[in-house]
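Engineer: Got start_6.txt for you, compact mmCIF, C-alpha atoms:
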```
# COMPACT_ATOMS: atom_id res chain seq x y z
CA MET A 1 35.88 173.13 17.54
CA TRP A 2 32.29 173.68 16.43
CA VAL A 3 31.52 175.73 19.56
CA LEU A 4 34.50 177.97 18.80
CA LYS A 5 33.21 178.47 15.27
CA ILE A 6 29.68 179.37 16.35
CA VAL A 7 30.93 182.02 18.77
CA ALA A 8 33.40 183.38 16.21
CA GLU A 9 30.53 183.63 13.68
CA LEU A 10 28.38 185.39 16.25
CA LEU A 11 31.10 187.92 17.07
CA LYS A 12 31.63 188.51 13.35
CA LYS A 13 28.06 189.79 13.18
CA PHE A 14 29.21 192.71 15.30
CA ARG A 15 31.37 193.79 12.34
CA ASP A 16 28.72 193.17 9.69
CA ARG A 17 28.89 195.83 6.99
CA ASP A 18 25.24 195.61 5.92
CA LEU A 19 24.00 195.87 9.47
CA ALA A 20 26.30 198.88 10.03
CA THR A 21 24.86 200.58 6.93
CA ARG A 22 21.32 199.98 8.14
CA ILE A 23 22.03 201.29 11.65
CA LEU A 24 23.68 204.39 10.15
CA HIS A 25 20.57 204.91 8.05
CA GLU A 26 18.49 204.82 11.25
CA ILE A 27 20.90 207.23 12.96
CA ARG A 28 20.60 209.72 10.08
CA LYS A 29 16.80 209.62 10.30
CA PHE A 30 16.90 211.23 13.74
CA ALA A 31 18.11 214.65 12.43
CA PRO A 32 17.02 216.62 15.52
CA GLY A 33 17.60 220.06 13.93
CA ARG A 34 20.43 220.87 16.34
CA ARG A 35 23.92 219.64 17.10
CA VAL A 36 24.20 216.58 19.35
CA LYS A 37 27.33 215.75 21.29
CA PHE A 38 28.06 212.39 22.93
CA MET A 39 31.15 211.33 24.83
CA HIS A 40 32.75 207.97 25.43
CA VAL A 41 35.11 207.42 28.35
CA CYS A 42 37.11 204.43 27.20
CA GLY A 43 40.33 204.23 25.21
CA SER A 44 39.15 201.03 23.53
CA HIS A 45 36.04 202.86 22.24
CA GLU A 46 38.30 205.52 20.74
CA VAL A 47 40.29 202.78 18.99
CA THR A 48 37.10 201.24 17.52
CA ILE A 49 35.69 204.61 16.43
CA THR A 50 38.89 205.82 14.77
CA ARG A 51 40.19 202.52 13.43
CA PHE A 52 36.90 201.78 11.66
CA GLY A 53 36.45 205.40 10.57
CA LEU A 54 33.07 205.65 12.30
CA ARG A 55 33.23 209.44 12.81
CA SER A 56 33.37 209.98 9.05
CA LEU A 57 30.17 207.94 8.65
CA LEU A 58 28.14 209.86 11.22
CA PRO A 59 25.88 212.74 10.12
CA GLU A 60 27.40 216.20 10.50
CA TRP A 61 25.03 217.17 13.34
CA LEU A 62 26.38 214.35 15.50
CA GLU A 63 29.73 214.50 17.27
CA VAL A 64 31.40 211.88 19.48
CA MET A 65 34.11 213.19 21.79
CA SER A 66 36.79 211.15 23.50
CA GLY A 67 36.85 211.64 27.29
CA PRO A 68 39.18 210.63 30.15
CA GLY A 69 39.10 206.93 29.23
CA CYS A 70 42.80 206.19 29.00
CA PRO A 71 44.02 205.26 32.50
CA VAL A 72 47.66 205.82 31.65
CA CYS A 73 46.90 209.31 30.29
CA VAL A 74 45.02 210.43 33.42
CA THR A 75 47.56 209.03 35.88
CA HIS A 76 48.90 212.19 37.48
CA THR A 77 52.44 213.33 36.64
CA ALA A 78 53.34 213.19 40.34
CA GLU A 79 52.56 209.46 40.37
CA ILE A 80 54.71 208.84 37.28
CA ASP A 81 57.48 210.89 38.91
CA GLU A 82 57.12 208.73 42.04
CA SER A 83 57.59 205.54 40.02
CA ILE A 84 60.63 207.00 38.24
CA GLU A 85 62.07 208.08 41.59
CA LEU A 86 61.65 204.56 43.03
CA ALA A 87 63.31 203.02 39.96
CA THR A 88 66.16 205.52 40.15
CA GLN A 89 66.68 204.74 43.86
CA GLY A 90 67.36 201.11 42.91
CA TYR A 91 64.03 199.38 43.53
CA LEU A 92 62.88 196.91 40.91
CA VAL A 93 59.81 198.50 39.28
CA THR A 94 57.24 196.51 37.29
CA THR A 95 54.38 197.95 35.25
CA PHE A 96 52.12 197.45 32.25
CA GLY A 97 53.61 198.28 28.86
CA ASP A 98 51.64 201.48 28.26
CA MET A 99 52.94 203.06 31.45
CA PHE A 100 56.57 202.51 30.44
CA TRP A 101 56.73 205.31 27.87
CA VAL A 102 54.54 207.98 29.46
CA PRO A 103 56.40 211.19 30.18
CA GLY A 104 56.48 212.45 33.78
CA THR A 105 57.72 215.93 34.59
CA GLN A 106 61.24 215.37 33.27
CA SER A 107 61.68 211.71 32.47
CA SER A 108 59.85 208.43 31.92
CA LEU A 109 60.28 204.87 33.17
CA ALA A 110 61.71 204.03 29.74
CA ARG A 111 64.37 206.71 30.09
CA ALA A 112 65.14 205.62 33.66
CA LYS A 113 65.71 202.10 32.33
CA THR A 114 68.05 203.42 29.64
CA ASP A 115 69.96 205.12 32.46
CA GLY A 116 70.37 201.79 34.23
CA ALA A 117 67.28 201.43 36.43
CA ASP A 118 65.62 198.00 36.67
CA VAL A 119 62.16 198.51 35.14
CA ARG A 120 60.28 195.49 33.82
CA ILE A 121 57.10 195.29 31.77
CA VAL A 122 54.59 192.69 32.93
CA TYR A 123 51.35 191.37 31.45
CA SER A 124 49.57 190.96 34.77
CA ILE A 125 50.08 191.64 38.47
CA GLU A 126 50.58 187.89 38.91
CA ASP A 127 53.69 188.17 36.74
CA ALA A 128 54.93 191.08 38.90
CA ILE A 129 54.56 188.94 42.04
CA GLU A 130 56.46 186.16 40.30
CA VAL A 131 59.31 188.65 39.71
CA ALA A 132 59.28 189.37 43.47
CA ARG A 133 59.39 185.65 44.30
CA ARG A 134 62.35 185.10 42.00
CA ASN A 135 64.22 188.08 43.43
CA PRO A 136 63.82 187.64 47.20
CA SER A 137 66.71 190.01 47.97
CA ARG A 138 65.17 192.88 45.99
CA GLU A 139 62.26 195.18 46.82
CA VAL A 140 59.80 194.96 43.92
CA VAL A 141 57.30 197.79 43.38
CA HIS A 142 54.43 197.29 40.96
CA VAL A 143 52.82 200.41 39.48
CA ALA A 144 49.15 199.42 39.67
CA ILE A 145 47.26 201.50 37.14
CA GLY A 146 43.88 201.05 35.51
CA PHE A 147 40.19 201.65 36.13
CA GLU A 148 37.63 199.35 37.75
CA THR A 149 38.40 196.67 35.14
CA THR A 150 41.96 196.21 36.41
CA ALA A 151 41.62 197.09 40.12
CA PRO A 152 39.99 193.74 41.06
CA THR A 153 43.07 191.86 39.81
CA THR A 154 45.22 193.93 42.20
CA ALA A 155 42.77 193.29 45.05
CA SER A 156 42.61 189.60 44.32
CA GLU A 157 46.39 189.15 44.42
CA LEU A 158 46.77 191.16 47.63
CA LEU A 159 44.23 188.88 49.30
CA ARG A 160 46.45 185.94 48.33
CA LYS A 161 49.24 187.50 50.43
CA PRO A 162 52.18 188.22 48.12
CA PRO A 163 55.76 188.02 49.48
CA LYS A 164 56.99 190.77 51.83
CA ASN A 165 59.43 192.19 49.27
CA PHE A 166 56.48 193.12 47.04
CA SER A 167 54.60 196.41 47.24
CA LEU A 168 52.31 198.60 45.17
CA LEU A 169 52.17 202.14 43.92
CA VAL A 170 48.39 202.22 43.63
CA CYS A 171 47.15 204.49 40.84
CA HIS A 172 43.71 202.90 40.25
CA ARG A 173 40.95 205.35 39.35
CA LEU A 174 37.17 205.24 39.10
CA ILE A 175 35.23 206.26 36.02
CA PRO A 176 31.77 207.42 37.23
CA PRO A 177 33.20 210.19 39.48
CA ALA A 178 35.11 211.58 36.46
CA MET A 179 31.89 211.55 34.41
CA GLN A 180 30.14 213.40 37.22
CA PHE A 181 32.99 215.94 37.33
CA LEU A 182 32.56 216.63 33.60
CA LEU A 183 28.78 217.04 33.91
CA GLU A 184 29.13 219.25 36.99
CA SER A 185 31.80 221.49 35.41
CA GLY A 186 29.68 222.03 32.29
CA GLU A 187 32.82 222.74 30.26
CA VAL A 188 31.39 220.60 27.48
CA ALA A 189 27.63 220.41 26.86
CA LEU A 190 26.99 216.68 26.58
CA ASP A 191 23.81 215.02 25.33
CA GLY A 192 24.79 211.50 26.36
CA PHE A 193 27.50 209.09 27.45
CA ILE A 194 28.69 205.90 25.77
CA CYS A 195 29.71 204.06 28.95
CA PRO A 196 32.71 201.72 29.00
CA GLY A 197 31.95 198.03 28.43
CA HIS A 198 34.64 196.41 30.54
CA VAL A 199 34.56 198.82 33.48
CA SER A 200 30.82 198.13 33.51
CA THR A 201 31.40 194.37 33.30
CA ILE A 202 32.83 194.81 36.80
CA ILE A 203 30.67 197.59 38.31
CA GLY A 204 27.38 196.89 36.46
CA SER A 205 24.95 199.60 35.39
CA LYS A 206 23.81 200.85 38.81
CA PRO A 207 26.70 203.27 39.58
CA TYR A 208 25.77 205.33 36.50
CA GLU A 209 22.10 205.74 37.44
CA PRO A 210 22.53 208.76 39.76
CA LEU A 211 24.14 210.63 36.83
CA SER A 212 21.12 210.08 34.58
CA GLU A 213 18.77 211.14 37.38
CA ARG A 214 20.70 214.20 38.50
CA TYR A 215 21.97 215.56 35.18
CA LYS A 216 19.19 214.24 32.92
CA VAL A 217 21.70 212.55 30.65
CA PRO A 218 21.10 209.35 28.65
CA GLN A 219 23.74 206.63 28.96
CA VAL A 220 24.34 203.40 27.07
CA ILE A 221 26.96 200.82 28.05
CA ALA A 222 28.44 199.64 24.76
CA GLY A 223 30.82 196.93 23.58
CA PHE A 224 33.88 197.37 21.38
CA GLU A 225 32.98 196.16 17.91
CA PRO A 226 31.79 198.72 15.33
CA ILE A 227 28.18 197.48 15.56
CA ASP A 228 28.30 197.82 19.36
CA VAL A 229 29.34 201.47 19.14
CA LEU A 230 26.85 202.31 16.38
CA LEU A 231 24.03 200.61 18.30
CA GLY A 232 25.09 202.50 21.43
CA ILE A 233 24.77 205.78 19.50
CA LEU A 234 21.39 204.75 18.07
CA MET A 235 20.10 203.80 21.53
CA LEU A 236 21.23 207.18 22.93
CA LEU A 237 19.44 209.04 20.11
CA LYS A 238 16.32 207.00 20.74
CA GLN A 239 16.39 207.97 24.43
CA LEU A 240 16.79 211.64 23.48
CA ARG A 241 13.82 211.50 21.12
CA GLU A 242 11.60 209.70 23.58
CA GLY A 243 12.60 211.99 26.43
CA ARG A 244 14.07 209.10 28.45
CA ARG A 245 17.18 209.66 30.55
CA GLU A 246 18.39 206.30 31.78
CA VAL A 247 21.18 203.72 31.71
CA GLU A 248 20.79 201.02 29.07
CA ILE A 249 23.05 198.09 28.24
CA GLU A 250 23.97 197.34 24.64
CA TYR A 251 26.92 195.08 25.62
CA THR A 252 24.60 192.43 27.03
CA ARG A 253 26.95 189.56 26.26
CA SER A 254 29.24 190.76 29.04
CA VAL A 255 27.52 193.37 31.22
CA ARG A 256 24.93 192.35 33.85
CA PRO A 257 23.08 195.10 35.77
CA ARG A 258 24.75 194.09 39.04
CA GLY A 259 28.17 193.61 37.44
CA ASN A 260 30.73 191.14 38.75
CA VAL A 261 29.87 190.83 42.44
CA VAL A 262 32.94 188.75 43.35
CA ALA A 263 35.24 191.41 41.89
CA GLN A 264 33.36 194.17 43.72
CA GLU A 265 33.66 192.34 47.05
CA LYS A 266 37.41 191.95 46.62
CA MET A 267 37.81 195.64 45.79
CA ARG A 268 35.78 196.61 48.88
CA GLU A 269 37.95 194.39 51.05
CA VAL A 270 41.24 195.89 49.91
CA PHE A 271 40.65 199.50 48.86
CA GLU A 272 39.16 202.66 50.24
CA VAL A 273 37.90 205.42 47.99
CA VAL A 274 39.77 208.73 48.12
CA ASP A 275 39.80 212.13 46.38
CA LYS A 276 42.55 212.40 43.77
CA ARG A 277 44.00 214.64 41.10
CA TRP A 278 43.83 213.35 37.55
CA ARG A 279 46.21 214.54 34.86
CA GLY A 280 44.41 217.38 33.07
CA PHE A 281 41.90 217.69 35.92
CA PRO A 282 41.83 219.20 39.39
CA VAL A 283 41.09 216.95 42.40
CA ILE A 284 38.07 214.78 41.59
CA PRO A 285 36.13 213.80 44.73
CA LYS A 286 36.02 210.07 45.56
CA SER A 287 37.67 209.14 42.27
CA ALA A 288 40.51 206.77 43.21
CA PHE A 289 41.52 203.78 45.28
CA GLU A 290 44.04 203.63 48.07
CA LEU A 291 45.02 200.55 50.10
CA LYS A 292 43.16 200.07 53.36
CA ARG A 293 45.16 200.29 56.58
CA GLU A 294 45.38 196.49 56.92
CA PHE A 295 47.44 196.41 53.73
CA VAL A 296 49.84 199.21 54.66
CA ASP A 297 52.85 196.84 54.42
CA TYR A 298 52.16 196.59 50.70
CA ASP A 299 51.85 200.35 50.17
CA ALA A 300 55.06 201.54 48.49
CA ARG A 301 54.28 205.18 49.32
CA LYS A 302 54.20 204.38 53.06
CA LYS A 303 56.97 201.79 52.90
CA PHE A 304 59.55 203.94 51.11
CA GLY A 305 58.22 207.45 51.74
CA VAL A 306 58.89 208.62 48.19
CA LEU A 307 59.16 212.36 47.90
CA VAL A 308 58.33 214.05 44.64
CA LYS A 309 59.02 217.74 44.19
CA GLU A 310 56.87 219.98 42.02
CA SER A 311 55.41 218.08 39.11
CA VAL A 312 54.27 219.61 35.85
CA ASP A 313 51.21 218.20 34.07
CA PHE A 314 52.07 218.98 30.45
CA ALA A 315 54.86 220.30 28.27
CA GLU A 316 54.39 223.85 27.04
CA GLY A 317 51.75 224.08 24.31
CA CYS A 318 50.48 220.53 24.87
CA ARG A 319 46.66 220.44 25.01
CA CYS A 320 46.27 216.88 26.31
CA GLY A 321 44.25 218.24 29.24
CA GLU A 322 41.55 219.55 26.92
CA VAL A 323 41.64 216.33 24.88
CA LEU A 324 41.11 214.32 28.10
CA ARG A 325 38.18 216.53 29.15
CA GLY A 326 36.59 216.18 25.70
CA VAL A 327 36.90 219.89 24.94
CA ILE A 328 38.87 219.46 21.73
CA HIS A 329 39.71 216.72 19.23
CA PRO A 330 43.44 215.85 19.00
CA SER A 331 43.87 217.58 15.62
CA GLU A 332 42.89 220.91 17.24
CA CYS A 333 46.12 220.92 19.26
CA PRO A 334 48.79 223.02 17.48
CA LEU A 335 51.48 220.47 18.34
CA PHE A 336 49.56 217.49 16.87
CA GLY A 337 51.52 215.76 14.12
CA LYS A 338 54.07 218.59 14.09
CA ALA A 339 56.14 219.00 17.26
CA CYS A 340 54.26 216.05 18.78
CA THR A 341 54.41 212.75 16.89
CA GLN A 342 54.30 209.05 17.73
CA GLU A 343 58.11 209.00 17.52
CA HIS A 344 58.51 212.13 19.69
CA PRO A 345 55.36 212.42 21.81
CA MET A 346 55.01 215.54 23.93
CA GLY A 347 52.02 214.48 26.04
CA PRO A 348 50.53 211.26 27.44
CA CYS A 349 47.69 211.12 24.89
CA ALA A 350 50.23 210.76 22.08
CA VAL A 351 52.20 208.01 23.82
CA THR A 352 49.92 205.21 24.83
CA SER A 353 48.07 202.92 22.45
CA GLU A 354 44.72 204.12 23.81
CA GLY A 355 45.54 207.82 24.04
CA ALA A 356 43.26 209.80 21.71
CA CYS A 357 46.19 211.57 19.98
CA ASN A 358 48.10 208.33 19.45
CA VAL A 359 45.00 206.64 18.03
CA ALA A 360 44.37 209.61 15.73
CA MET A 361 47.97 209.54 14.47
CA LYS A 362 47.87 205.79 13.93
CA PHE A 363 44.48 205.37 12.25
CA GLY A 364 43.17 208.88 11.63
CA LYS A 365 44.46 209.22 8.09
CA PHE A 366 42.54 206.21 6.83
CA MET B 1 44.16 199.30 28.87
CA CYS B 2 40.70 197.91 29.66
CA LEU B 3 41.10 195.53 26.75
CA ALA B 4 39.52 192.12 27.35
CA ILE B 5 39.67 189.18 24.96
CA PRO B 6 37.18 186.32 24.70
CA GLY B 7 38.52 182.80 24.95
CA LYS B 8 37.26 179.30 25.59
CA VAL B 9 37.92 177.52 28.89
CA LEU B 10 39.54 174.18 28.09
CA LYS B 11 40.59 172.90 31.48
CA ILE B 12 40.14 174.06 35.07
CA GLU B 13 42.55 173.31 37.90
CA ARG B 14 41.61 174.96 41.18
CA GLN B 15 41.58 178.74 40.60
CA ALA B 16 43.31 178.65 37.20
CA ALA B 17 42.20 177.61 33.74
CA THR B 18 43.79 176.90 30.40
CA VAL B 19 42.02 179.21 27.96
CA ASP B 20 42.12 178.97 24.19
CA PHE B 21 42.23 182.27 22.28
CA GLY B 22 41.66 181.04 18.74
CA GLY B 23 44.73 178.81 18.83
CA VAL B 24 46.86 180.58 21.43
CA ARG B 25 46.59 179.02 24.89
CA ARG B 26 47.29 180.72 28.18
CA GLU B 27 46.83 180.18 31.90
CA VAL B 28 44.10 182.44 33.23
CA ARG B 29 43.11 183.15 36.86
CA LEU B 30 39.53 182.41 37.83
CA ASP B 31 39.55 184.19 41.22
CA LEU B 32 37.07 186.83 40.04
CA LEU B 33 34.33 184.43 38.91
CA ARG B 34 32.12 181.81 40.48
CA ASP B 35 30.77 178.80 38.63
CA VAL B 36 32.98 178.80 35.54
CA ARG B 37 32.77 175.52 33.66
CA GLU B 38 34.97 173.90 31.05
CA GLY B 39 33.58 174.86 27.64
CA ASP B 40 32.43 178.31 28.80
CA TYR B 41 33.52 181.43 26.97
CA VAL B 42 35.18 183.97 29.25
CA LEU B 43 36.40 187.55 28.79
CA VAL B 44 40.01 187.82 29.90
CA HIS B 45 41.67 191.03 31.11
CA VAL B 46 45.36 191.12 32.21
CA GLY B 47 45.36 187.40 32.91
CA TYR B 48 42.04 187.24 34.80
CA ALA B 49 38.66 186.01 33.58
CA ILE B 50 36.30 188.90 34.41
CA GLN B 51 33.01 187.51 33.04
CA THR B 52 31.47 184.57 31.23
CA LEU B 53 30.07 185.49 27.83
CA ASP B 54 26.33 185.22 27.38
CA GLU B 55 25.81 184.00 23.81
CA GLU B 56 22.05 184.13 24.05
CA ALA B 57 22.12 187.80 25.09
CA ALA B 58 24.42 188.60 22.15
CA ARG B 59 22.00 186.95 19.73
CA GLU B 60 19.01 188.74 21.24
CA ILE B 61 20.42 192.24 21.00
CA LEU B 62 21.49 191.67 17.39
CA LYS B 63 18.08 190.26 16.52
CA SER B 64 16.09 193.07 18.12
CA TRP B 65 18.11 195.75 16.36
CA GLU B 66 18.20 193.94 13.05
CA GLU B 67 14.41 194.12 13.16
CA VAL B 68 14.51 197.84 13.90
CA ALA B 69 16.95 198.44 11.07
CA ARG B 70 14.74 196.42 8.73
CA GLY B 71 11.86 198.70 9.63
CA GLU B 72 9.84 195.92 11.28
CA VAL B 73 9.61 197.76 14.58
CA GLY B 74 9.40 201.53 15.04
CA ALA B 75 12.80 202.91 16.10
```
Mind turning this structure into structure tokens?
Structural biologist:
Amino acid sequence: MWVLKIVAELLKKFRDRDLATRILHEIRKFAPGRRVKFMHVCGSHEVTITRFGLRSLLPEWLEVMSGPGCPVCVTHTAEIDESIELATQGYLVTTFGDMFWVPGTQSSLARAKTDGADVRIVYSIEDAIEVARRNPSREVVHVAIGFETTAPTTASELLRKPPKNFSLLVCHRLIPPAMQFLLESGEVALDGFICPGHVSTIIGSKPYEPLSERYKVPQVIAGFEPIDVLLGILMLLKQLREGRREVEIEYTRSVRPRGNVVAQEKMREVFEVVDKRWRGFPVIPKSAFELKREFVDYDARKKFGVLVKESVDFAEGCRCGEVLRGVIHPSECPLFGKACTQEHPMGPCAVTSEGACNVAMKFGKF
Amino acid sequence: MCLAIPGKVLKIERQAATVDFGGVRREVRLDLLRDVREGDYVLVHVGYAIQTLDEEAAREILKSWEEVARGEVGA
């Protein structure tokens, strides 16, 4: 038990109020005489920032935008429509909880279930495969969403050869290409990135380096406690002041420069990298995974040839696209908290627990 | 979605471990890690351990920045 206690004490330090006050004092001292804008690309960072009210503590010259860090939100409508179509056709569809409620063009998996489709929420892909084993007469399709953090779990299970009645609708996406897209488009002038801690636990710090070199942008990989995020911001400001443009790691307890090599090997074995549309974005080059040819028997798109007609990204008036690209904060959308609420969400960012609008509605008033 | 929770590895059997999350125990896959030992702290994401936690590194980063915030080193 004593080991447990020591680690718990250590992690508590990352919520220490005095330390937070002192870091904020250091942050304020930077006052560069111009506005500074950073972006994070992780739903869990948005939860930490909003839940602990960090934005209200930052000086007025410093802004932190939420980017495309919620994998459920950026899963394209056509992919959600595909999963609904499969469920409606009678296949047993499994997915993670967040995906269940997200609106596609006309419906959602939740609504399909209400209408009689067999849609089941699972905690992990292993559970989805267990569903397939227990239902040998059914075709089970797992909607595999998530960034580089989650993709290795999909790869790992495929390498263990799941049963033949199991297949995947692969929707895995890659974060650095989306960051490059944002820098290249120049839609938002960014002074630095707070890079995602758990994506980076897998991929390490190297994949971000070309971005710092090419676009002269500082980056810090940060953890998910308030002190982690504040330190990340302080480290970015320090880079700006010293004229450094590099990738630093704040979340050293989990992120190693080379990342998790075993996970990377498994991903390389199973997936190939393809261009893909993201919800709220056009096609982003080399930004998603698809199954390699050897695994075609597990590819639900090839196996069942799902056809989805025209899909529509967002309901009329919904500005989720701009929220996902870090152009606006959720409260700048005219639907926010009015036509669009947690009970009646209009867009993906208001639905899922890591969507910026949902987070703002849940914690923003405090 | 990329949520990962730290827990302590109690027992390892082949590629799976029993992990304690402050009282709640769950089976966790170890396929994504080499050299995990009983007693290690691991970060768990959707049922898979994705990294072992480095306590020493956590202490170091806190210490170095506590010094900065105390004004002992120039920020």
Engineer: One number please: atom CA of Val143 of chain A to atom CA of Gln15 of chain B, in Å, one decimal.
Structural biologist: 24.4 Å
Engineer: Give the residues of chain A that lie within 6 Å of chain B; count all atoms listed in the file, and format the answer as a VMD selection string.
Structural biologist: chain A and resid 22 to 23 124 252 to 254 262 to 263
Engineer: Since we have the selection now, will you write its residues out, keeping C-alpha atoms, as a PDB file, in the coordinates of the input?
Structural biologist:
```pdb
ATOM      1  CA  ARG A  22      21.320 199.980   8.140  1.00  0.00           C
ATOM      2  CA  ILE A  23      22.030 201.290  11.650  1.00  0.00           C
ATOM      3  CA  SER A 124      49.570 190.960  34.770  1.00  0.00           C
ATOM      4  CA  THR A 252      24.600 192.430  27.030  1.00  0.00           C
ATOM      5  CA  ARG A 253      26.950 189.560  26.260  1.00  0.00           C
ATOM      6  CA  SER A 254      29.240 190.760  29.040  1.00  0.00           C
ATOM      7  CA  VAL A 262      32.940 188.750  43.350  1.00  0.00           C
ATOM      8  CA  ALA A 263      35.240 191.410  41.890  1.00  0.00           C
TER       9      ALA A 263
END
```
Engineer: Neighbouring residues of Thr77 of chain A were defined as those with any atom within 12 Å, considering all atoms listed in the file; residues of the same chain fewer than 4 positions away were excluded. Please report them as a PyMOL selection string.
Structural biologist: chain A and resi 72-73+81-84+99+102-108+171+277-281+308-315+347-348
Engineer: Can you tell me which residues surround Arg37 of chain B at a distance of at most 9 Å, considering all atoms listed in the file, apart from same-chain residues fewer than 5 positions away, and format the answer as a PyMOL selection string?
Structural biologist: chain B and resi 9-12
Engineer: Take the residues from that selection and put them in a file with C-alpha atoms, as a PDB file, in the coordinates of the input.
Structural biologist:
```
ATOM      1  CA  VAL B   9      37.920 177.520  28.890  1.00  0.00           C
ATOM      2  CA  LEU B  10      39.540 174.180  28.090  1.00  0.00           C
ATOM      3  CA  LYS B  11      40.590 172.900  31.480  1.00  0.00           C
ATOM      4  CA  ILE B  12      40.140 174.060  35.070  1.00  0.00           C
TER       5      ILE B  12
END
```
Engineer: Closest to Thr114 of chain A among A:Ser167, A:Phe100, A:Ile203, A:Glu225, using all atoms listed in the file?
Structural biologist: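 For Thr114 of chain A, the nearest of the given residues is A:Phe100.
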Engineer: How many Å lie between atom CA of Cys195 of chain A and atom CA of Leu291 of chain A, rounded to one decimal?
Structural biologist: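 Here the two named atoms are 26.3 Å from each other.
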Engineer: Distance atom CA of Leu174 of chain A-atom CA of Leu211 of chain A, one decimal place?
Structural biologist: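 Straight-line distance from atom CA of Leu174 of chain A to atom CA of Leu211 of chain A works out to 14.3 Å.
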Engineer: Using all atoms listed in the file, can you tell me which of A:Gly326, A:Pro59, A:Gly321, A:Pro210 comes closest to Ala350 of chain A?
Structural biologist: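 Using all atoms listed in the file, the shortest distance to Ala350 of chain A belongs to A:Gly321.
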